[in-house]
file model.cif (mmCIF, C-alpha atoms)
data_run
loop_
_atom_site.label_atom_id
_atom_site.label_comp_id
_atom_site.auth_asym_id
_atom_site.auth_seq_id
_atom_site.Cartn_x
_atom_site.Cartn_y
_atom_site.Cartn_z
CA MET A 1 0.00 0.00 0.00
CA ARG A 2 2.76 2.44 0.95
CA ASN A 3 4.57 1.86 -2.34
CA ARG A 4 1.35 2.55 -4.24
CA ILE A 5 0.66 5.77 -2.35
CA GLU A 6 4.20 7.04 -2.88
CA LYS A 7 3.94 6.14 -6.55
CA ILE A 8 0.71 8.15 -6.80
CA ASN A 9 2.26 11.07 -4.92
CA ASP A 10 5.35 11.10 -7.17
CA TYR A 11 3.08 11.08 -10.23
CA ILE A 12 1.02 14.03 -8.98
CA GLN A 13 4.11 16.00 -7.95
CA GLU A 14 5.60 15.50 -11.41
CA LYS A 15 2.42 16.46 -13.28
CA GLY A 16 1.29 19.22 -10.94
CA GLU A 17 -2.36 18.37 -11.54
CA VAL A 18 -3.88 14.97 -12.30
CA LYS A 19 -7.40 13.78 -13.06
CA LEU A 20 -8.79 10.73 -11.29
CA THR A 21 -9.29 9.08 -14.67
CA GLU A 22 -5.53 9.42 -15.29
CA LEU A 23 -4.78 7.71 -12.00
CA GLU A 24 -7.16 4.89 -12.90
CA MET A 25 -5.09 4.27 -16.04
CA PHE A 26 -1.80 4.81 -14.21
CA ILE A 27 -2.66 2.23 -11.52
CA PRO A 28 -5.29 -0.02 -13.10
CA ASP A 29 -5.13 -2.83 -10.53
CA VAL A 30 -7.03 -0.96 -7.76
CA SER A 31 -10.56 0.40 -7.59
CA THR A 32 -11.60 4.02 -7.97
CA MET A 33 -12.72 4.00 -4.33
CA THR A 34 -9.23 2.90 -3.24
CA LEU A 35 -7.65 5.67 -5.27
CA ARG A 36 -9.98 8.20 -3.64
CA ARG A 37 -8.89 6.97 -0.20
CA ASP A 38 -5.25 7.25 -1.26
CA LEU A 39 -5.86 10.85 -2.29
CA GLU A 40 -7.52 11.56 1.03
CA LEU A 41 -4.44 10.23 2.82
CA LEU A 42 -2.09 12.34 0.67
CA GLU A 43 -4.23 15.41 1.32
CA HIS A 44 -4.16 14.71 5.04
CA ARG A 45 -0.35 14.46 4.84
CA GLY A 46 -0.22 17.86 3.18
CA ASP A 47 1.23 16.68 -0.15
CA ILE A 48 -1.79 17.48 -2.32
CA ILE A 49 -5.20 19.05 -2.32
CA ARG A 50 -8.15 17.29 -3.88
CA ILE A 51 -9.99 19.18 -6.60
CA ARG A 52 -13.08 18.26 -8.56
CA GLY A 53 -12.25 15.17 -10.57
CA GLY A 54 -8.67 14.82 -9.39
CA ALA A 55 -5.84 16.28 -7.33
CA ARG A 56 -3.24 19.04 -7.44
CA SER A 57 0.18 19.11 -5.82
CA ILE A 58 0.80 21.68 -3.11
CA SER A 59 4.04 22.72 -4.79
CA SER A 60 2.24 23.58 -8.04
CA ILE A 61 -0.19 25.77 -6.09
CA SER A 62 2.72 27.52 -4.37
CA LYS A 63 4.37 28.21 -7.74
CA ARG A 64 1.11 29.57 -9.10
CA LEU A 65 0.65 31.86 -6.10
CA ILE A 66 4.21 33.11 -6.45
CA ALA A 67 3.64 33.78 -10.16
CA GLU A 68 0.43 35.68 -9.40
CA GLN A 69 2.21 37.71 -6.73
CA MET A 70 5.06 38.53 -9.13
CA TYR A 71 2.60 39.71 -11.79
CA SER A 72 0.80 41.81 -9.21
CA LEU A 73 4.09 43.41 -8.17
CA ARG A 74 5.00 44.18 -11.79
CA LYS A 75 1.53 45.65 -12.31
CA HIS A 76 2.14 48.18 -9.54
CA GLU A 77 5.69 49.06 -10.58
CA ASN A 78 6.28 52.23 -12.62
CA THR A 79 2.53 52.85 -12.90
CA GLU A 80 2.87 56.53 -13.78
CA GLU A 81 5.45 55.75 -16.45
CA LYS A 82 3.15 53.13 -17.97
CA LYS A 83 0.29 55.63 -18.05
CA VAL A 84 2.53 58.10 -19.87
CA ILE A 85 3.41 55.45 -22.44
CA ALA A 86 -0.23 54.42 -22.87
CA ASN A 87 -1.40 58.00 -23.43
CA LYS A 88 1.34 58.56 -25.99
CA ALA A 89 0.57 55.32 -27.85
CA VAL A 90 -3.13 56.12 -28.27
CA GLN A 91 -2.21 58.60 -31.03
CA PHE A 92 -1.44 55.65 -33.32
CA LEU A 93 -5.03 54.41 -33.24
CA SER A 94 -7.65 55.14 -35.89
CA GLU A 95 -11.15 53.87 -36.59
CA GLY A 96 -11.58 50.52 -38.27
CA ARG A 97 -8.03 49.30 -37.76
CA SER A 98 -6.96 45.78 -36.89
CA ILE A 99 -4.50 45.88 -34.00
CA TYR A 100 -2.61 43.43 -31.81
CA ILE A 101 -2.01 44.13 -28.11
CA ASP A 102 0.78 42.10 -26.53
CA ALA A 103 0.63 40.65 -23.01
CA GLY A 104 2.17 42.45 -20.05
CA THR A 105 1.48 45.17 -17.52
CA THR A 106 2.46 48.04 -19.85
CA SER A 107 0.10 46.62 -22.47
CA MET A 108 -2.67 46.47 -19.87
CA SER A 109 -2.17 50.17 -19.17
CA PHE A 110 -2.48 50.81 -22.90
CA ALA A 111 -5.63 48.67 -23.15
CA THR A 112 -7.15 50.62 -20.27
CA ALA A 113 -6.45 53.89 -22.11
CA LEU A 114 -8.09 52.79 -25.36
CA PRO A 115 -11.03 54.97 -26.39
CA ASP A 116 -14.28 53.17 -27.21
CA MET A 117 -13.84 53.31 -31.00
CA HIS A 118 -14.37 50.81 -33.80
CA LEU A 119 -11.34 48.53 -33.57
CA SER A 120 -10.64 44.86 -34.15
CA VAL A 121 -8.26 43.79 -31.39
CA LEU A 122 -6.27 40.58 -31.22
CA THR A 123 -4.44 39.82 -27.98
CA SER A 124 -2.53 37.01 -26.30
CA ALA A 125 -3.59 38.23 -22.84
CA PRO A 126 -6.88 37.01 -21.33
CA ASN A 127 -6.90 39.85 -18.79
CA ILE A 128 -6.63 42.42 -21.58
CA ALA A 129 -9.47 40.72 -23.47
CA LEU A 130 -11.63 40.96 -20.35
CA GLU A 131 -10.73 44.63 -19.92
CA LEU A 132 -11.82 45.42 -23.50
CA MET A 133 -15.17 43.68 -23.07
CA HIS A 134 -16.43 46.89 -21.46
CA ASP A 135 -16.07 48.75 -24.80
CA GLN A 136 -19.07 48.25 -27.07
CA ASN A 137 -17.30 49.28 -30.29
CA ILE A 138 -14.19 47.12 -29.86
CA THR A 139 -14.27 43.58 -31.22
CA THR A 140 -11.78 41.44 -29.32
CA THR A 141 -10.25 38.12 -30.36
CA ILE A 142 -7.90 36.09 -28.20
CA VAL A 143 -5.30 33.69 -29.59
CA GLY A 144 -5.48 30.05 -28.57
CA GLY A 145 -2.71 28.15 -26.84
CA GLN A 146 -1.09 27.54 -23.49
CA ILE A 147 -1.38 30.19 -20.78
CA SER A 148 1.57 31.25 -18.65
CA ASN A 149 0.92 31.98 -14.98
CA GLU A 150 3.87 34.36 -14.84
CA ASN A 151 2.44 37.13 -17.02
CA ILE A 152 -1.01 35.87 -18.04
CA ALA A 153 0.11 35.33 -21.62
CA ILE A 154 -0.99 32.72 -24.15
CA SER A 155 1.58 31.19 -26.49
CA GLY A 156 2.66 27.90 -28.04
CA SER A 157 2.18 26.07 -31.34
CA SER A 158 -1.60 26.66 -31.38
CA SER A 159 -1.00 30.40 -31.16
CA ILE A 160 1.46 30.35 -34.05
CA GLU A 161 -0.99 28.39 -36.20
CA PHE A 162 -3.82 30.77 -35.30
CA ILE A 163 -2.07 33.96 -36.38
CA LYS A 164 -1.22 32.51 -39.81
CA HIS A 165 -4.80 33.23 -40.80
CA ILE A 166 -5.26 36.78 -39.50
CA ASN A 167 -4.17 40.28 -40.58
CA ILE A 168 -2.67 42.96 -38.34
CA ASP A 169 -2.43 46.66 -39.20
CA VAL A 170 -0.59 47.77 -36.07
CA ALA A 171 1.03 45.60 -33.39
CA PHE A 172 1.54 47.17 -29.97
CA MET A 173 4.30 45.04 -28.48
CA ALA A 174 5.86 44.76 -25.03
CA THR A 175 9.29 43.63 -23.93
CA SER A 176 10.90 42.40 -20.74
CA GLY A 177 14.29 43.84 -21.62
CA PHE A 178 16.24 45.81 -24.21
CA SER A 179 19.86 46.54 -25.02
CA LEU A 180 21.66 47.38 -28.24
CA GLU A 181 23.65 44.16 -27.94
CA THR A 182 20.77 41.70 -27.53
CA GLY A 183 17.75 43.63 -28.82
CA PHE A 184 14.29 43.12 -27.35
CA THR A 185 14.17 40.07 -25.08
CA THR A 186 11.86 37.89 -23.03
CA GLY A 187 12.40 34.98 -20.67
CA ASN A 188 9.99 32.53 -22.34
CA SER A 189 10.87 30.80 -25.61
CA ASN A 190 7.25 30.20 -26.65
CA GLU A 191 6.34 33.83 -26.07
CA ALA A 192 9.43 34.93 -28.00
CA GLU A 193 8.37 32.88 -31.02
CA LEU A 194 4.83 34.25 -30.93
CA LYS A 195 6.18 37.80 -30.73
CA ARG A 196 8.44 37.13 -33.74
CA GLN A 197 5.51 35.89 -35.80
CA ILE A 198 3.28 38.80 -34.81
CA ILE A 199 6.00 41.26 -35.81
CA LYS A 200 6.31 39.56 -39.20
CA LYS A 201 2.56 39.81 -39.79
CA ALA A 202 2.06 43.43 -38.72
CA ARG A 203 2.27 46.33 -41.14
CA LYS A 204 3.49 48.59 -38.35
CA VAL A 205 5.17 47.61 -35.07
CA ILE A 206 5.09 49.87 -32.03
CA MET A 207 7.12 48.90 -28.97
CA LEU A 208 5.77 50.04 -25.59
CA MET A 209 8.76 50.13 -23.26
CA ASP A 210 9.28 51.87 -19.94
CA SER A 211 12.80 52.90 -18.92
CA SER A 212 13.16 50.08 -16.37
CA LYS A 213 13.55 47.64 -19.29
CA LEU A 214 16.73 49.33 -20.56
CA GLU A 215 19.95 47.29 -20.32
CA GLN A 216 17.97 44.24 -19.19
CA ASN A 217 18.98 41.12 -21.12
CA LEU A 218 16.75 38.06 -20.91
CA MET A 219 17.38 34.73 -22.56
CA PHE A 220 15.38 34.97 -25.80
CA THR A 221 15.65 37.76 -28.38
CA PHE A 222 12.48 38.29 -30.42
CA ALA A 223 13.32 41.53 -32.26
CA THR A 224 15.99 44.13 -32.96
CA LEU A 225 15.62 47.82 -33.73
CA LYS A 226 15.39 47.03 -37.44
CA ASP A 227 12.16 45.10 -36.81
CA ILE A 228 10.45 48.03 -35.05
CA ASP A 229 8.83 51.16 -36.50
CA VAL A 230 8.16 53.13 -33.32
CA ILE A 231 9.35 53.02 -29.70
CA VAL A 232 7.07 54.67 -27.15
CA THR A 233 8.77 55.23 -23.82
CA ASP A 234 8.43 57.37 -20.71
CA GLY A 235 11.57 59.46 -20.96
CA PRO A 236 14.71 60.31 -22.92
CA LEU A 237 16.88 57.43 -24.08
CA HIS A 238 20.66 57.15 -23.99
CA GLU A 239 22.43 58.88 -26.87
CA SER A 240 23.73 55.56 -28.21
CA ILE A 241 20.17 54.21 -28.48
CA VAL A 242 18.96 57.41 -30.15
CA LYS A 243 21.74 57.16 -32.75
CA ALA A 244 20.99 53.50 -33.43
CA ALA A 245 17.27 54.25 -33.73
CA ASN A 246 17.91 57.09 -36.18
CA ARG A 247 20.17 54.80 -38.20
CA ASP A 248 17.45 52.15 -38.42
CA LYS A 249 14.72 54.76 -39.01
CA VAL A 250 12.88 53.99 -35.80
CA GLN A 251 10.62 56.78 -34.55
CA LEU A 252 11.06 57.63 -30.86
CA ILE A 253 8.10 58.97 -28.92
#
call {"tool": "encode", "arguments": {"input": "model.cif", "output": "C-alpha cells"}}
result
Amino acid sequence: MRNRIEKINDYIQEKGEVKLTELEMFIPDVSTMTLRRDLELLEHRGDIIRIRGGARSISSISKRLIAEQMYSLRKHENTEEKKVIANKAVQFLSEGRSIYIDAGTTSMSFATALPDMHLSVLTSAPNIALELMHDQNITTTIVGGQISNENIAISGSSSIEFIKHINIDVAFMATSGFSLETGFTTGNSNEAELKRQIIKKARKVIMLMDSSKLEQNLMFTFATLKDIDVIVTDGPLHESIVKAANRDKVQLI
C-alpha cells in the first residue's frame, strides 16, 4: 500500500495536476474508491489538495501563487510611467483598424487607455481581453494556446498556427528587456516565437517600453531595432540608443 501511495504522490508532484481518470489508467489494478482513499491520505499528509475530478500538488499551487504575486508586483511598478506610455501610444489608433495588443502590464495600461472606438483587437492576454469587453465598439479576439501563470500570456504552437490566418495593421508590443547588444528580449521561448511571428505579420510595429527595461537582457531575443517602426517610452533614451534608432529609421516617442 505504501509503495502505491508514494507512486501516486510522485506522479502528482511530477504532473502538478492529475485527473482521477488518469490515476485509474496509471494504476489499473485498484478500484476508484481505493484511489480516492489514497488521495484523502495524501491530502491529510499535506502533499496534495483534492480538486473536482482529481488532485493538485501543493508545490504547483505555491508556484502559481508566487507567479500571481510577481505579476501583481510588476503591475504596480512604474505605474505613472506606464500611463505616460499608454497615453502617448493612443495617437497611433484610428477607426476601423486591426490591432494586436501584446501581453504584459504596460500593455494592460495601454488597453485601459483605449477609447471606445471601432477597432478589431487581437491579444494574447486574457486579462486584456476581459478589460476590452467593457467597450461596445471594440471587437476582441484572443489567440489560442497555453497560458503562462507568470504574465497571463498565451503562447505555443496553437497560437502560431492561429495567427497565420489573420491580418494585423498595427502591433503594440511589449518587452521584458532591451539593449543594443541583444535587442528586445523575453524569458519565455514560446512567447518569444509568438512575438516574432506577430511582428512579421504586422504592417506597423510599435514597442511600448518603460525605462526600467533598458539594459535588461533576458534569454530569448524576439526583435531588434530594425524590426520596429516606433518606440514609445516614458523618458529620454541614452544617446547611443537614439543614434541607433535614427540609423534604423525607428521613430522615438
call {"tool": "resolve_selection", "arguments": {"input": "model.cif", "expression": "the PyMOL selection byres ((chain A and resi 101-107) around 6)", "output": "PyMOL selection string"}}
result
chain A and resi 75+82+100+108-110+123-125+153+172-174
call {"tool": "residues_near_point", "arguments": {"input": "model.cif", "point": "(16.1, 48.5, -17.5)", "cutoff": "12 Å", "atoms": "all atoms listed in the file", "output": "ChimeraX atom specification"}}
result
/A:78,175-179,184-185,209-218,233,237-238
call {"tool": "residues_around", "arguments": {"input": "model.cif", "residues": "Gln13 of chain A", "least_positions_apart": "2", "cutoff": "8 Å", "atoms": "all atoms listed in the file", "output": "count of residues only"}}
result
10
call {"tool": "atom_distance", "arguments": {"input": "model.cif", "atom1": "atom CA of Glu22 of chain A", "atom2": "atom CA of Gly145 of chain A"}}
result
22.2 Å
call {"tool": "closest_residue", "arguments": {"input": "model.cif", "among": "A:Leu35, A:Val250, A:Ile147, A:Ala171", "to": "Lys226 of chain A", "atoms": "all atoms listed in the file"}}
result
A:Val250
call {"tool": "resolve_selection", "arguments": {"input": "model.cif", "expression": "the PyMOL selection byres ((chain A and resi 50) around 12)", "output": "PyMOL selection string"}}
result
chain A and resi 12+16-20+35-44+46-49+51-58+61
call {"tool": "axis_aligned_box", "arguments": {"input": "model.cif", "around": "segment 192-211 of chain A", "padding_each_side": "8 Å", "output": "AutoDock Vina command-line options"}}
result
--center_x 7.4 --center_y 42.9 --center_z -30.0 --size_x 26.7 --size_y 36.0 --size_z 38.2
call {"tool": "atom_distance", "arguments": {"input": "model.cif", "atom1": "atom CA of Pro115 of chain A", "atom2": "atom CA of Met133 of chain A"}}
result
12.5 Å
call {"tool": "resolve_selection", "arguments": {"input": "model.cif", "expression": "the PyMOL selection byres ((chain A and resi 164) around 12)", "output": "list in words"}}
result
Val143, Ser157, Ser158, Ser159, Ile160, Glu161, Phe162, Ile163, His165, Ile166, Asn167, Ile168, Leu194, Gln197, Ile198, Lys200, Lys201 and Ala202 of chain A
call {"tool": "residues_around", "arguments": {"input": "model.cif", "residues": "Leu252 of chain A", "least_positions_apart": "3", "cutoff": "7 Å", "atoms": "all atoms listed in the file", "output": "ChimeraX atom specification"}}
result
/A:230-232
call {"tool": "closest_residue", "arguments": {"input": "model.cif", "among": "A:Val242, A:Ile128, A:Val170, A:Met207", "to": "Phe92 of chain A", "atoms": "all atoms listed in the file"}}
result
A:Val170
call {"tool": "atom_distance", "arguments": {"input": "model.cif", "atom1": "atom CA of Leu122 of chain A", "atom2": "atom CA of Lys249 of chain A"}}
result
26.5 Å
call {"tool": "decode", "arguments": {"input": "model.cif", "residues": "segment 67-211 of chain A", "atoms": "C-alpha atoms", "output": "mmCIF file, in the first residue's frame"}}
result
data_model
loop_
_atom_site.group_PDB
_atom_site.id
_atom_site.type_symbol
_atom_site.label_atom_id
_atom_site.label_comp_id
_atom_site.auth_asym_id
_atom_site.auth_seq_id
_atom_site.Cartn_x
_atom_site.Cartn_y
_atom_site.Cartn_z
ATOM 1 C CA ALA A 67 3.638 33.784 -10.161
ATOM 2 C CA GLU A 68 0.429 35.683 -9.400
ATOM 3 C CA GLN A 69 2.210 37.712 -6.734
ATOM 4 C CA MET A 70 5.061 38.535 -9.127
ATOM 5 C CA TYR A 71 2.602 39.708 -11.787
ATOM 6 C CA SER A 72 0.796 41.811 -9.209
ATOM 7 C CA LEU A 73 4.088 43.405 -8.173
ATOM 8 C CA ARG A 74 5.000 44.183 -11.791
ATOM 9 C CA LYS A 75 1.528 45.653 -12.314
ATOM 10 C CA HIS A 76 2.141 48.183 -9.539
ATOM 11 C CA GLU A 77 5.691 49.060 -10.584
ATOM 12 C CA ASN A 78 6.279 52.229 -12.623
ATOM 13 C CA THR A 79 2.534 52.846 -12.903
ATOM 14 C CA GLU A 80 2.873 56.533 -13.783
ATOM 15 C CA GLU A 81 5.454 55.751 -16.452
ATOM 16 C CA LYS A 82 3.154 53.131 -17.971
ATOM 17 C CA LYS A 83 0.293 55.628 -18.049
ATOM 18 C CA VAL A 84 2.530 58.104 -19.867
ATOM 19 C CA ILE A 85 3.409 55.452 -22.441
ATOM 20 C CA ALA A 86 -0.226 54.417 -22.867
ATOM 21 C CA ASN A 87 -1.405 57.996 -23.430
ATOM 22 C CA LYS A 88 1.344 58.563 -25.992
ATOM 23 C CA ALA A 89 0.570 55.325 -27.851
ATOM 24 C CA VAL A 90 -3.130 56.121 -28.272
ATOM 25 C CA GLN A 91 -2.212 58.600 -31.033
ATOM 26 C CA PHE A 92 -1.441 55.653 -33.324
ATOM 27 C CA LEU A 93 -5.034 54.411 -33.238
ATOM 28 C CA SER A 94 -7.647 55.136 -35.890
ATOM 29 C CA GLU A 95 -11.151 53.874 -36.590
ATOM 30 C CA GLY A 96 -11.585 50.524 -38.270
ATOM 31 C CA ARG A 97 -8.033 49.299 -37.761
ATOM 32 C CA SER A 98 -6.961 45.779 -36.890
ATOM 33 C CA ILE A 99 -4.500 45.876 -33.998
ATOM 34 C CA TYR A 100 -2.610 43.433 -31.807
ATOM 35 C CA ILE A 101 -2.007 44.127 -28.106
ATOM 36 C CA ASP A 102 0.779 42.105 -26.528
ATOM 37 C CA ALA A 103 0.626 40.650 -23.015
ATOM 38 C CA GLY A 104 2.169 42.455 -20.053
ATOM 39 C CA THR A 105 1.477 45.169 -17.524
ATOM 40 C CA THR A 106 2.458 48.039 -19.853
ATOM 41 C CA SER A 107 0.102 46.621 -22.471
ATOM 42 C CA MET A 108 -2.665 46.465 -19.871
ATOM 43 C CA SER A 109 -2.167 50.168 -19.172
ATOM 44 C CA PHE A 110 -2.479 50.805 -22.896
ATOM 45 C CA ALA A 111 -5.634 48.672 -23.152
ATOM 46 C CA THR A 112 -7.152 50.621 -20.267
ATOM 47 C CA ALA A 113 -6.445 53.893 -22.105
ATOM 48 C CA LEU A 114 -8.091 52.786 -25.357
ATOM 49 C CA PRO A 115 -11.031 54.970 -26.389
ATOM 50 C CA ASP A 116 -14.282 53.175 -27.206
ATOM 51 C CA MET A 117 -13.837 53.311 -30.999
ATOM 52 C CA HIS A 118 -14.367 50.809 -33.803
ATOM 53 C CA LEU A 119 -11.336 48.529 -33.575
ATOM 54 C CA SER A 120 -10.640 44.862 -34.155
ATOM 55 C CA VAL A 121 -8.262 43.792 -31.386
ATOM 56 C CA LEU A 122 -6.265 40.581 -31.216
ATOM 57 C CA THR A 123 -4.442 39.822 -27.982
ATOM 58 C CA SER A 124 -2.533 37.007 -26.300
ATOM 59 C CA ALA A 125 -3.586 38.228 -22.838
ATOM 60 C CA PRO A 126 -6.881 37.007 -21.332
ATOM 61 C CA ASN A 127 -6.903 39.847 -18.791
ATOM 62 C CA ILE A 128 -6.631 42.416 -21.580
ATOM 63 C CA ALA A 129 -9.468 40.718 -23.472
ATOM 64 C CA LEU A 130 -11.628 40.961 -20.350
ATOM 65 C CA GLU A 131 -10.726 44.634 -19.925
ATOM 66 C CA LEU A 132 -11.819 45.415 -23.503
ATOM 67 C CA MET A 133 -15.172 43.681 -23.073
ATOM 68 C CA HIS A 134 -16.431 46.893 -21.463
ATOM 69 C CA ASP A 135 -16.075 48.750 -24.799
ATOM 70 C CA GLN A 136 -19.069 48.249 -27.072
ATOM 71 C CA ASN A 137 -17.303 49.282 -30.291
ATOM 72 C CA ILE A 138 -14.194 47.117 -29.857
ATOM 73 C CA THR A 139 -14.266 43.580 -31.220
ATOM 74 C CA THR A 140 -11.784 41.441 -29.323
ATOM 75 C CA THR A 141 -10.251 38.123 -30.363
ATOM 76 C CA ILE A 142 -7.896 36.092 -28.203
ATOM 77 C CA VAL A 143 -5.303 33.692 -29.588
ATOM 78 C CA GLY A 144 -5.481 30.046 -28.574
ATOM 79 C CA GLY A 145 -2.705 28.151 -26.843
ATOM 80 C CA GLN A 146 -1.092 27.538 -23.491
ATOM 81 C CA ILE A 147 -1.378 30.189 -20.784
ATOM 82 C CA SER A 148 1.574 31.250 -18.654
ATOM 83 C CA ASN A 149 0.922 31.976 -14.982
ATOM 84 C CA GLU A 150 3.868 34.363 -14.845
ATOM 85 C CA ASN A 151 2.445 37.134 -17.020
ATOM 86 C CA ILE A 152 -1.009 35.870 -18.041
ATOM 87 C CA ALA A 153 0.110 35.331 -21.625
ATOM 88 C CA ILE A 154 -0.992 32.718 -24.147
ATOM 89 C CA SER A 155 1.583 31.189 -26.486
ATOM 90 C CA GLY A 156 2.659 27.900 -28.040
ATOM 91 C CA SER A 157 2.182 26.073 -31.342
ATOM 92 C CA SER A 158 -1.599 26.661 -31.380
ATOM 93 C CA SER A 159 -1.002 30.404 -31.156
ATOM 94 C CA ILE A 160 1.458 30.347 -34.045
ATOM 95 C CA GLU A 161 -0.985 28.394 -36.195
ATOM 96 C CA PHE A 162 -3.818 30.771 -35.296
ATOM 97 C CA ILE A 163 -2.073 33.963 -36.382
ATOM 98 C CA LYS A 164 -1.219 32.514 -39.810
ATOM 99 C CA HIS A 165 -4.798 33.235 -40.801
ATOM 100 C CA ILE A 166 -5.255 36.779 -39.502
ATOM 101 C CA ASN A 167 -4.171 40.278 -40.580
ATOM 102 C CA ILE A 168 -2.673 42.964 -38.341
ATOM 103 C CA ASP A 169 -2.430 46.657 -39.203
ATOM 104 C CA VAL A 170 -0.589 47.771 -36.067
ATOM 105 C CA ALA A 171 1.031 45.604 -33.389
ATOM 106 C CA PHE A 172 1.538 47.168 -29.966
ATOM 107 C CA MET A 173 4.304 45.040 -28.480
ATOM 108 C CA ALA A 174 5.856 44.763 -25.029
ATOM 109 C CA THR A 175 9.286 43.631 -23.931
ATOM 110 C CA SER A 176 10.899 42.396 -20.738
ATOM 111 C CA GLY A 177 14.288 43.838 -21.622
ATOM 112 C CA PHE A 178 16.240 45.808 -24.212
ATOM 113 C CA SER A 179 19.860 46.538 -25.017
ATOM 114 C CA LEU A 180 21.657 47.384 -28.240
ATOM 115 C CA GLU A 181 23.646 44.164 -27.939
ATOM 116 C CA THR A 182 20.766 41.700 -27.530
ATOM 117 C CA GLY A 183 17.753 43.631 -28.822
ATOM 118 C CA PHE A 184 14.286 43.117 -27.352
ATOM 119 C CA THR A 185 14.170 40.074 -25.084
ATOM 120 C CA THR A 186 11.862 37.893 -23.029
ATOM 121 C CA GLY A 187 12.395 34.981 -20.668
ATOM 122 C CA ASN A 188 9.995 32.531 -22.337
ATOM 123 C CA SER A 189 10.866 30.802 -25.615
ATOM 124 C CA ASN A 190 7.250 30.199 -26.653
ATOM 125 C CA GLU A 191 6.341 33.827 -26.074
ATOM 126 C CA ALA A 192 9.431 34.926 -27.996
ATOM 127 C CA GLU A 193 8.369 32.882 -31.020
ATOM 128 C CA LEU A 194 4.828 34.255 -30.931
ATOM 129 C CA LYS A 195 6.180 37.805 -30.729
ATOM 130 C CA ARG A 196 8.435 37.132 -33.745
ATOM 131 C CA GLN A 197 5.514 35.893 -35.803
ATOM 132 C CA ILE A 198 3.283 38.804 -34.806
ATOM 133 C CA ILE A 199 6.000 41.265 -35.812
ATOM 134 C CA LYS A 200 6.313 39.565 -39.205
ATOM 135 C CA LYS A 201 2.560 39.808 -39.792
ATOM 136 C CA ALA A 202 2.063 43.426 -38.715
ATOM 137 C CA ARG A 203 2.269 46.332 -41.139
ATOM 138 C CA LYS A 204 3.489 48.591 -38.349
ATOM 139 C CA VAL A 205 5.172 47.606 -35.070
ATOM 140 C CA ILE A 206 5.085 49.868 -32.030
ATOM 141 C CA MET A 207 7.120 48.900 -28.968
ATOM 142 C CA LEU A 208 5.770 50.037 -25.593
ATOM 143 C CA MET A 209 8.764 50.133 -23.257
ATOM 144 C CA ASP A 210 9.283 51.867 -19.936
ATOM 145 C CA SER A 211 12.799 52.898 -18.925
#
